[in-house]
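Reading through the structure tokens given below for one structure.
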Number of protein chains: 2
Amino acid sequence: MNVLLASTSTLFGGNYLDYLTEEIKDLYKGIDEILFIPFARPSGISHDDYTAKAAEFFAKFNIKVRGLHEFELMPEAINEAKGYFTGGGNTFLLVKTLHEENLMHFLKDNVESGKPYLGTSAGSNIGGLNMKTTNDMPIVYPPSFDCMGLVPFNLNPHYLDPDINLKHNGETRETRIKEFLTQNETKVVGLREGNWIRRVGEKITVEGENSTRIFEKDKEPYEIEPGTVLV
Amino acid sequence: MNVLLASTSTLFGGNYLDYLTEEIKDLYKGIDEILFIPFARPSGISHDDYTAKAAEFFAKFNIKVRGLHEFELMPEAINEAKGYFTGGGNTFLLVKTLHEENLMHFLKDNVESGKPYLGTSAGSNIGGLNMKTTNDMPIVYPPSFDCMGLVPFNLNPHYLDPDINLKHNGETRETRIKEFLTQNETKVVGLREGNWIRRVGEKITVEGENSTRIFEKDKEPYEIEPGTVLV
């Protein structure tokens, strides 16, 4: 497999996908067209507008972008594509659409056959086993929380350390993930902004500038450094 | 109806339910025993421990607390109770349990018949039309997101204003609720900590120290002052 799952598309103060430029060139080496999956619709943006945003970035590298929503026969479009990019937004909306249109397993099968896959945020969540560790609001009801399992664990993108100055009793990210582990056995990778997961063949590493926080059942959470092999 | 839906059980630096003492006395006037619904299990606390925590608070007012989980026949326990309190925690876990045990509509029917209901956080979410505006992590998959509709809108407890100093690209609460409104028509009450919704008969007001932020489809969000009639 050839997979890149990023915590975020955009660093604070940065431009869309800029910090991932070298990684993305490596991921899509030799490919001149990718299929964009716009269904997460951040802030309710239209499928066309979201695809245009991705296309603008990839035009710099002479990679053409088509939106999956443009095709009448979406399973065929997935089977015929050379590579994939799923953008961020609302994970519930993304997963609902992929399941209702019966597309999740077509995407999974093609990525498992070796075609490159890039996800950011919600697009990274669907690379995990299921979406039960997303931060997103459940604005729609998906027929299932199951995802592709391109990696054998779950992700928590935009992982954020507790703010000790915040006078607020809403749960921290760490509290939420620990609650998940009271109900599930699945390992969770708390992926801080600027970090990503890279899978090449069987080897899965965590990359980026910051350390990454790992949550496992019946263990204290711990930190791993960039470059650490996850599986 | 006689309903109190609070944003949080505990103010920052305060003790459990303390700030709501006068309101709670008024809500349960003349009642000496209530049924506690512990299924949201904050931080994975056991049903027994959670019930004991609630019982400790209510002992001060000579109100006895029984946990719903203690009963073999839970629908009957709901029908025979004099009043209800649903504690906070994880809304997905709470809603999944209530639906799977077929309890949601028993609770709804009894509260609609006039028995007092107190909810905090997740327990307030289930007083809304559905749980699609919760902040909680989807750690389990409920068979439905539908809730009791004790009020004709949705709640967002622990509503938090955007932190302009945070160098982080995760979505703000406001962005998430606006995404909800791209997919739904339901009004959302952004209930800051320290505020609550009070329903007495047909009259629904928002109460507490702070203003409350209201989100409606195709409108700019707006603020209402404590005491404002919502419906």
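Here, A, B, ... name the chains of the structure tokens in the order displayed, residue numbers run from 1 inside each chain, and ligands are numbered from 1 in the same displayed order.
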Inset, instruction - Name the residues of chain B that come out as strand (DSSP E) in a backbone DSSP run; write them as a PyMOL selection string. - result: chain B and resi 2-6+33-37+64-67+84-86+117-120+154-159+188-192+195-200+203-208+212-215+222-224
Inset, instruction - From the DSSP assignment of the backbone, select every residue of segment 10-195 of chain A that is helix (DSSP H, G or I), and format the answer as a ChimeraX atom specification. - result: /A:18-27,42-44,47-59,68-70,74-80,91-100,104-112,122-125,173-183
Once you have the residues from the selection above, write them out as a CSV table (one decimal), in the first residue's frame, restricted to C-alpha atoms.
chain,number,residue,atom,x,y,z
A,18,ASP,CA,1.7,23.4,1.4
A,19,TYR,CA,3.5,21.7,4.3
A,20,LEU,CA,2.9,18.3,2.6
A,21,THR,CA,4.3,19.3,-0.8
A,22,GLU,CA,7.3,17.0,-0.8
A,23,GLU,CA,5.4,14.0,0.7
A,24,ILE,CA,2.6,14.4,-1.8
A,25,LYS,CA,5.0,14.5,-4.8
A,26,ASP,CA,6.5,11.3,-3.5
A,27,LEU,CA,3.1,9.7,-2.9
A,42,PRO,CA,-16.2,21.6,5.2
A,43,SER,CA,-18.5,24.5,6.2
A,44,GLY,CA,-21.1,23.1,3.7
A,47,HIS,CA,-18.7,19.5,-4.2
A,48,ASP,CA,-17.6,21.6,-7.2
A,49,ASP,CA,-16.0,24.4,-5.2
A,50,TYR,CA,-14.2,21.9,-3.0
A,51,THR,CA,-12.9,20.0,-6.0
A,52,ALA,CA,-11.7,23.3,-7.5
A,53,LYS,CA,-9.8,24.1,-4.4
A,54,ALA,CA,-7.9,20.8,-4.6
A,55,ALA,CA,-7.4,21.1,-8.3
A,56,GLU,CA,-5.7,24.5,-7.8
A,57,PHE,CA,-3.1,23.0,-5.6
A,58,PHE,CA,-2.4,20.0,-7.8
A,59,ALA,CA,-2.2,22.1,-11.0
A,68,LEU,CA,-16.0,11.8,-7.7
A,69,HIS,CA,-19.4,13.5,-7.7
A,70,GLU,CA,-18.9,14.4,-11.4
A,74,MET,CA,-19.0,6.4,-9.2
A,75,PRO,CA,-17.8,2.8,-8.5
A,76,GLU,CA,-16.4,2.6,-12.1
A,77,ALA,CA,-14.8,6.0,-11.6
A,78,ILE,CA,-13.1,4.6,-8.4
A,79,ASN,CA,-11.9,1.5,-10.2
A,80,GLU,CA,-10.5,3.4,-13.1
A,91,THR,CA,-16.6,12.8,8.9
A,92,PHE,CA,-20.3,11.8,9.5
A,93,LEU,CA,-21.3,13.3,6.2
A,94,LEU,CA,-18.4,11.7,4.4
A,95,VAL,CA,-19.0,8.2,5.8
A,96,LYS,CA,-22.8,8.4,5.3
A,97,THR,CA,-22.3,9.3,1.7
A,98,LEU,CA,-19.7,6.6,1.0
A,99,HIS,CA,-21.8,3.9,2.6
A,100,GLU,CA,-25.1,5.0,1.1
A,104,MET,CA,-16.4,2.5,0.8
A,105,HIS,CA,-15.3,-1.0,-0.2
A,106,PHE,CA,-14.4,0.0,-3.8
A,107,LEU,CA,-12.1,2.6,-2.5
A,108,LYS,CA,-10.6,0.2,0.1
A,109,ASP,CA,-10.0,-2.5,-2.5
A,110,ASN,CA,-8.3,-0.2,-4.9
A,111,VAL,CA,-6.0,1.4,-2.3
A,112,GLU,CA,-5.2,-2.1,-0.9
A,122,ALA,CA,-11.9,13.5,7.9
A,123,GLY,CA,-10.3,11.8,4.9
A,124,SER,CA,-7.7,10.4,7.3
A,125,ASN,CA,-10.3,9.2,9.7
A,173,ARG,CA,-9.6,15.3,23.8
A,174,GLU,CA,-7.7,12.9,26.1
A,175,THR,CA,-10.8,12.3,28.3
A,176,ARG,CA,-12.9,11.5,25.2
A,177,ILE,CA,-10.3,9.0,23.8
A,178,LYS,CA,-10.1,7.4,27.2
A,179,GLU,CA,-13.9,7.0,27.2
A,180,PHE,CA,-13.6,5.4,23.8
A,181,LEU,CA,-11.2,2.8,25.4
A,182,THR,CA,-13.7,1.9,28.1
A,183,GLN,CA,-16.0,0.6,25.3
Inset, instruction - Tell me which of B:Lys115, B:Lys167, B:Lys60, B:Arg66 sits closest to chain A, counting only C-alpha atoms. - result: B:Lys167
Legend entry - Counting only C-alpha atoms, chain B residues within 10 Å of chain A, as number ranges by chain: B: 7-13, 41-45, 89-90, 92-93, 121, 130-146, 157-160, 163, 166-171, 173, 175-184, 192-193
Legend entry - Pick from A:Phe85, A:Pro152, A:Pro116, A:Gly190 nearest to Ala40 of chain A, counting only C-alpha atoms: A:Phe85
Legend entry - Distance query Asn210 of chain B at most 8 Å, only C-alpha atoms, self and fewer than 4 positions along chain excluded, as a PyMOL selection string: chain B and resi 192+194-195+225-226
Residues just named, written with all heavy atoms as an mmCIF file, in the first residue's frame:
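Output file out_4.cif follows:
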data_model
loop_
_atom_site.group_PDB
_atom_site.id
_atom_site.type_symbol
_atom_site.label_atom_id
_atom_site.label_comp_id
_atom_site.auth_asym_id
_atom_site.auth_seq_id
_atom_site.Cartn_x
_atom_site.Cartn_y
_atom_site.Cartn_z
ATOM 1 N N ARG B 192 -24.164 28.154 26.997
ATOM 2 C CA ARG B 192 -22.872 28.319 27.685
ATOM 3 C C ARG B 192 -22.947 27.732 29.088
ATOM 4 O O ARG B 192 -24.030 27.661 29.686
ATOM 5 C CB ARG B 192 -22.500 29.802 27.747
ATOM 6 C CG ARG B 192 -22.223 30.405 26.367
ATOM 7 C CD ARG B 192 -21.664 31.821 26.456
ATOM 8 N NE ARG B 192 -21.339 32.323 25.117
ATOM 9 C CZ ARG B 192 -22.194 33.011 24.339
ATOM 10 N NH1 ARG B 192 -23.403 33.297 24.772
ATOM 11 N NH2 ARG B 192 -21.826 33.409 23.137
ATOM 12 N N GLY B 194 -23.110 27.369 32.910
ATOM 13 C CA GLY B 194 -23.751 28.268 33.863
ATOM 14 C C GLY B 194 -25.163 28.643 33.433
ATOM 15 O O GLY B 194 -25.900 29.255 34.203
ATOM 16 N N ASN B 195 -25.548 28.288 32.197
ATOM 17 C CA ASN B 195 -26.910 28.560 31.719
ATOM 18 C C ASN B 195 -27.729 27.279 31.682
ATOM 19 O O ASN B 195 -27.180 26.176 31.648
ATOM 20 C CB ASN B 195 -26.866 29.166 30.319
ATOM 21 C CG ASN B 195 -26.364 30.602 30.343
ATOM 22 O OD1 ASN B 195 -26.069 31.144 31.407
ATOM 23 N ND2 ASN B 195 -26.251 31.205 29.177
ATOM 24 N N GLU B 225 -30.813 37.200 25.992
ATOM 25 C CA GLU B 225 -30.483 37.426 27.407
ATOM 26 C C GLU B 225 -31.201 36.425 28.310
ATOM 27 O O GLU B 225 -32.236 35.878 27.934
ATOM 28 C CB GLU B 225 -30.882 38.851 27.798
ATOM 29 C CG GLU B 225 -30.032 39.914 27.120
ATOM 30 C CD GLU B 225 -28.540 39.686 27.339
ATOM 31 O OE1 GLU B 225 -28.115 39.569 28.502
ATOM 32 O OE2 GLU B 225 -27.801 39.592 26.334
ATOM 33 N N PRO B 226 -30.651 36.184 29.517
ATOM 34 C CA PRO B 226 -31.332 35.323 30.489
ATOM 35 C C PRO B 226 -32.768 35.790 30.707
ATOM 36 O O PRO B 226 -33.023 36.993 30.775
ATOM 37 C CB PRO B 226 -30.509 35.510 31.768
ATOM 38 C CG PRO B 226 -29.155 35.928 31.304
ATOM 39 C CD PRO B 226 -29.383 36.716 30.045
#
Inset, instruction - Find the residues near Val151 of chain A: any atom within 12 Å, counting only C-alpha atoms, skip ones fewer than 6 places away on the same chain, and give them as a VMD selection string. - result: chain A and resid 1 to 5 108 111 to 112 124 to 130 186 to 189 197 to 206 230 to 231
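Atom CA of Asn165 of chain A is found 12.2 Å from atom CA of Asn165 of chain B.
Coordinates place atom CA of Gly149 of chain B at a distance of 15.9 Å from atom CA of Trp196 of chain B.
Nearest residue to Asp218 of chain B, choosing from B:Glu185, B:Leu191, B:Tyr84, B:Asp32 and counting only C-alpha atoms: B:Glu185.
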